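In what follows, a structure is listed as structure tokens, so that the remarks can point back to it.
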Amino acid sequence: MGAATIMSLFFGRGKPSFSSTDVFPLTDAIMEFDDSSAEVAHRARRQSDASRLKGKHTNAQKWLIVMGLIGLFLLAAVVFHTLGMVRTSTLYVLMGCIVFFVTAFFWLFTSGTHMRFREKRLKLPIVVAALSSMLLLVYLDPVMQILLAPFSFVAIAYGMYRISRGKAFLLVFGLLAGYALVMALHYAEQQNDALLKLELLHFVSLAVAMPAFVYLIGKVQLLHRILHRASRKLKNIQEDAQRDTLLGCFNRRYIVAALEEQKQLADETGIPLCLAVIDLDHFKRINDELGHLGGDEVLRTFARVAQENVRAGDLFGRYGGEEFLLIFPATSLLPALNTCERIRAQVESHPWKGLLQSRVSVSIGVTQYIPGESVLEFFSRSDTAMYMAKEGGRNQVVVEEPVRKGDPSVTVSLMDEDSDLPVPGAPAGFPMRDTSRRPSRV
């Protein structure tokens with residue numbers, strides 16, 4: 001029986017703790033809204049194959065549920081057989097039903113045939129198969145009607161979110177009609193008045209309870225739809241609170257909160273963390289040429305280009321004006337540098353002709369987090385590197401290597417050709433630059 005019902009289960013479907021700093025004060029609004037940066041960081045600490053394994057683990061859990069429920073039904077039938085109330089042939093029919101319907105629905109889903117149907121999860125056919133199997137078993141062995149009532153409720157409840165109330169009432173009517181047919185066949189074959197009375201009692205109980213059950217399920221369906229719509233609205237509100245309405249990337253509130261959290265995560269786990277500060281070059285001149293609306297369009301285009309060139313676990317957001325932050329969770333300096341250089345090159349080569357005649361470029365400063373330092377120190381080193389990129393001619397990436405306090409601070413410039421000192425681990429031709437002083441903003 002309910003093998004199809006049970007198997008169909010396989011096919012169906014805290015607030016972050018942030019600390020405040022002088023440079024990044026966190027408002028109450030930041031502390032109250034729940035974000036997904038923890039999940040992003042969780043994924044960033046693992047390889048992509050780990051996320052795939054997580055999905056397989058979920059499927060394995062579904063298989064365990066399916067096999068467990070099938071095992072329970074078989075166990076009940078075996079107990080009946082042990083008590084001498086169910087024939088061996090009925091057990092064979094039960095196992096045949098399980099194999100047949102499990103195989104049939106498995107093929108429908110794995111072959112993609114289910115996509116041809118209006119209701120892709122095939123809840124109605126699965127429930128019909130389950131109820132039909134149960135009626136067949138009751139016909140073969142009347143004692144199996146003991147399992148008919150509870151598993152009929154289970155079958156209809158399984159399809160409650162995909163089967164309309166009208167179709168559910170039709171299912172109940174079909175179940176009662178089928179049960180009445182089984183009763184008639186039993187009486188015609190056996191002329192057993194005691195069995196007929198017992199089956200009539202079961203029939204009346206089903207006829208009274210099933211419609212009430214379907215009616216109440218309709219109320220649950222309505223509540224489910226209301227909660228689903230409310231959940232989607234809350235999710236949209238949450239996403240809007242995290243996004244810059246003009247550019248679509250993360251806003252200052254979110255990116256600052258994410259940086260605070262990633263800093264704490266790096267302190268706790270020891271995983272690497274990098275930060276890049278990105279600034280559009282000569283943005284005042286762009287605004288003067290195009291006006292503020294044209295400047296907004298340049299910002300939108302840049303944000304889109306940048307987000308197309310960051311990795312899945314990276315966090316990109318607008319810090320203010322034409323300045324952006326790019327957080328690299330669980331990333332060492334060289335991969336972060338490569339991503340920054342890719343963004344710089346894509347911005348430089350992007351066809352901006354429809355917007356303005358002069359070149360659009362970015363200056364980027366990137367550094368790696370030193371465990372134990374404050375967010376202010378971490379941000380300042382990235383900002384200093386970005387200033388050095390401005391001073392060095394713009395349209396370049398400057399890297400300030402992570403060094404302990406008291407050690408000389410050095411940076412790598414992609415565009416500086418005056419120095420030929422090699423940089424360990426950097427691509428060939430990457431020079432080094434002293435950044436012991438903070439230049440004035442250019």
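Letters A, B, ... go to the chains of the structure tokens in the order shown; residues in each chain start at 1; ligands are counted from 1 in the same order.
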- prompt: Any idea what's packed within 12 Å of range 225-232 of chain A, counting only C-alpha atoms, ignoring anything in its chain fewer than 6 positions away? Could you give it as a ChimeraX atom specification?
  reply: /A:160-162,218-219,238-239
Can you tell me which residues surround range 164-178 of chain A at a distance of at most 10 Å, considering only C-alpha atoms, apart from same-chain residues fewer than 5 positions away, and format the answer as a compact mmCIF listing (two decimals) with N, CA and C atoms, in the first residue's frame?
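Dumped everything to around_6.txt:
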# COMPACT_ATOMS: atom_id res chain seq x y z
N LEU A 124 -1.15 14.26 -6.40
CA LEU A 124 -2.43 13.59 -6.57
C LEU A 124 -2.26 12.15 -7.06
N VAL A 127 -1.00 9.98 -4.12
CA VAL A 127 -2.03 9.68 -3.11
C VAL A 127 -3.03 8.67 -3.65
N VAL A 128 -3.41 8.81 -4.91
CA VAL A 128 -4.34 7.84 -5.51
C VAL A 128 -3.72 6.44 -5.50
N LEU A 131 -3.86 5.07 -1.86
CA LEU A 131 -5.19 4.65 -1.43
C LEU A 131 -5.64 3.39 -2.16
N SER A 132 -5.31 3.31 -3.45
CA SER A 132 -5.67 2.11 -4.22
C SER A 132 -4.95 0.88 -3.68
N MET A 134 -3.94 0.38 -0.62
CA MET A 134 -4.54 0.01 0.66
C MET A 134 -5.85 -0.73 0.46
N LEU A 135 -6.68 -0.29 -0.48
CA LEU A 135 -7.95 -0.98 -0.74
C LEU A 135 -7.71 -2.39 -1.27
N LEU A 136 -6.67 -2.55 -2.09
CA LEU A 136 -6.34 -3.87 -2.60
C LEU A 136 -5.95 -4.82 -1.46
N SER A 152 -4.79 6.22 5.53
CA SER A 152 -5.56 7.09 4.63
C SER A 152 -5.40 8.55 5.05
N PHE A 153 -5.45 8.79 6.34
CA PHE A 153 -5.22 10.15 6.84
C PHE A 153 -3.80 10.62 6.48
N ILE A 156 -3.62 11.48 2.62
CA ILE A 156 -4.26 12.75 2.25
C ILE A 156 -3.51 13.93 2.86
N ALA A 157 -3.02 13.76 4.08
CA ALA A 157 -2.25 14.84 4.70
C ALA A 157 -0.97 15.11 3.92
N GLY A 159 -0.53 15.09 0.74
CA GLY A 159 -0.79 15.95 -0.42
C GLY A 159 -1.52 17.23 -0.11
N MET A 183 -16.38 -4.08 0.49
CA MET A 183 -17.34 -4.69 1.41
C MET A 183 -18.34 -5.56 0.65
N ALA A 184 -18.82 -5.06 -0.47
CA ALA A 184 -19.79 -5.84 -1.25
C ALA A 184 -19.16 -7.12 -1.77
N PHE A 203 -16.41 1.70 7.89
CA PHE A 203 -16.89 2.59 6.83
C PHE A 203 -17.52 3.85 7.41
N VAL A 204 -18.37 3.68 8.43
CA VAL A 204 -19.03 4.84 9.05
C VAL A 204 -17.99 5.77 9.68
N LEU A 206 -14.89 6.20 8.82
CA LEU A 206 -14.21 6.93 7.75
C LEU A 206 -15.12 7.97 7.13
N ALA A 207 -16.37 7.62 6.90
CA ALA A 207 -17.31 8.55 6.27
C ALA A 207 -17.56 9.78 7.13
N MET A 210 -13.34 11.51 7.72
CA MET A 210 -12.57 11.98 6.58
C MET A 210 -13.01 13.35 6.07
N PRO A 211 -14.30 13.61 5.84
CA PRO A 211 -14.70 14.95 5.38
C PRO A 211 -14.31 16.04 6.37
N ALA A 212 -14.47 15.77 7.67
CA ALA A 212 -14.06 16.76 8.67
C ALA A 212 -12.56 17.01 8.61
N PHE A 213 -11.81 15.95 8.39
CA PHE A 213 -10.36 16.08 8.28
C PHE A 213 -9.98 16.95 7.08
N VAL A 214 -10.61 16.70 5.95
CA VAL A 214 -10.33 17.49 4.74
C VAL A 214 -10.71 18.95 4.95
N TYR A 215 -11.84 19.18 5.63
CA TYR A 215 -12.26 20.56 5.90
C TYR A 215 -11.21 21.29 6.75
N LEU A 216 -10.74 20.62 7.79
CA LEU A 216 -9.73 21.24 8.64
C LEU A 216 -8.41 21.43 7.91
N ILE A 217 -8.08 20.51 7.02
CA ILE A 217 -6.86 20.65 6.22
C ILE A 217 -6.94 21.91 5.36
N GLY A 218 -8.15 22.20 4.88
CA GLY A 218 -8.32 23.43 4.10
C GLY A 218 -7.95 24.66 4.91
N LYS A 219 -8.26 24.67 6.19
CA LYS A 219 -7.87 25.78 7.05
C LYS A 219 -6.35 25.85 7.18
N GLN A 221 -4.23 24.76 4.96
CA GLN A 221 -3.73 25.25 3.68
C GLN A 221 -3.79 26.76 3.61
message: When DSSP is applied to the backbone of this structure, which of range 294-346 of chain A are assigned strand (DSSP E)? Write them out as an MDAnalysis selection string.
response: chainID A and resid 315:320 323:329
task: List every residue of range 251-298 of chain A that DSSP, applied to the backbone of this structure, places in alpha helix (DSSP H), and write the result as number ranges by chain.
output: A: 252-269, 283-298
Please, could you write that set of residues out with C-alpha atoms as a PDB file, in the first residue's frame?
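See part11.pdb below for the written result:
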ATOM      1  CA  ARG A 252      26.996  50.652   4.071  1.00  0.00           C
ATOM      2  CA  ARG A 253      25.081  49.246   7.037  1.00  0.00           C
ATOM      3  CA  TYR A 254      25.328  45.695   5.832  1.00  0.00           C
ATOM      4  CA  ILE A 255      28.920  45.757   4.567  1.00  0.00           C
ATOM      5  CA  VAL A 256      30.138  47.355   7.817  1.00  0.00           C
ATOM      6  CA  ALA A 257      28.270  44.770   9.890  1.00  0.00           C
ATOM      7  CA  ALA A 258      29.657  41.989   7.699  1.00  0.00           C
ATOM      8  CA  LEU A 259      33.217  43.306   8.134  1.00  0.00           C
ATOM      9  CA  GLU A 260      32.776  43.334  11.903  1.00  0.00           C
ATOM     10  CA  GLU A 261      31.516  39.775  11.867  1.00  0.00           C
ATOM     11  CA  GLN A 262      34.228  38.506   9.524  1.00  0.00           C
ATOM     12  CA  LYS A 263      36.854  40.085  11.775  1.00  0.00           C
ATOM     13  CA  GLN A 264      35.436  38.230  14.779  1.00  0.00           C
ATOM     14  CA  LEU A 265      35.291  35.023  12.769  1.00  0.00           C
ATOM     15  CA  ALA A 266      38.928  35.387  11.723  1.00  0.00           C
ATOM     16  CA  ASP A 267      39.948  35.943  15.357  1.00  0.00           C
ATOM     17  CA  GLU A 268      38.037  32.852  16.501  1.00  0.00           C
ATOM     18  CA  THR A 269      39.041  30.434  13.763  1.00  0.00           C
ATOM     19  CA  PHE A 283      34.422  60.882 -10.209  1.00  0.00           C
ATOM     20  CA  LYS A 284      33.860  64.615  -9.715  1.00  0.00           C
ATOM     21  CA  ARG A 285      34.895  65.162 -13.317  1.00  0.00           C
ATOM     22  CA  ILE A 286      32.462  62.435 -14.400  1.00  0.00           C
ATOM     23  CA  ASN A 287      29.650  64.175 -12.542  1.00  0.00           C
ATOM     24  CA  ASP A 288      30.627  67.493 -14.129  1.00  0.00           C
ATOM     25  CA  GLU A 289      30.552  65.943 -17.613  1.00  0.00           C
ATOM     26  CA  LEU A 290      27.375  63.890 -17.295  1.00  0.00           C
ATOM     27  CA  GLY A 291      25.493  65.454 -14.444  1.00  0.00           C
ATOM     28  CA  HIS A 292      24.384  63.563 -11.380  1.00  0.00           C
ATOM     29  CA  LEU A 293      22.059  61.262 -13.304  1.00  0.00           C
ATOM     30  CA  GLY A 294      24.895  60.285 -15.616  1.00  0.00           C
ATOM     31  CA  GLY A 295      27.175  59.820 -12.618  1.00  0.00           C
ATOM     32  CA  ASP A 296      24.600  57.514 -11.064  1.00  0.00           C
ATOM     33  CA  GLU A 297      24.556  55.469 -14.248  1.00  0.00           C
ATOM     34  CA  VAL A 298      28.352  55.137 -14.120  1.00  0.00           C
TER      35      VAL A 298
END
Minimum-distance residue to Leu334 in chain A, chosen among A:Arg318, A:Glu400, A:Pro371, A:Gly392 (using only C-alpha atoms): A:Glu400
query: For the atom pair CA of Glu189 in chain A and CA of Met144 in chain A, what is the interatomic distance in Å to one decimal place?
result: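 A separation of 17.4 Å between them.
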Pairwise distance for CA of Leu195 in chain A and CA of Phe151 in chain A, rounded to one decimal in Å: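 CA of Leu195 in chain A sits 20.9 Å away from CA of Phe151 in chain A.
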task: Using only C-alpha atoms, find the one residue out of A:Ala194, A:Ile126, A:Gln242, A:Thr331 that sits nearest to Phe106 in chain A.
output: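 So, comparing all the options, the nearest one is A:Ile126.
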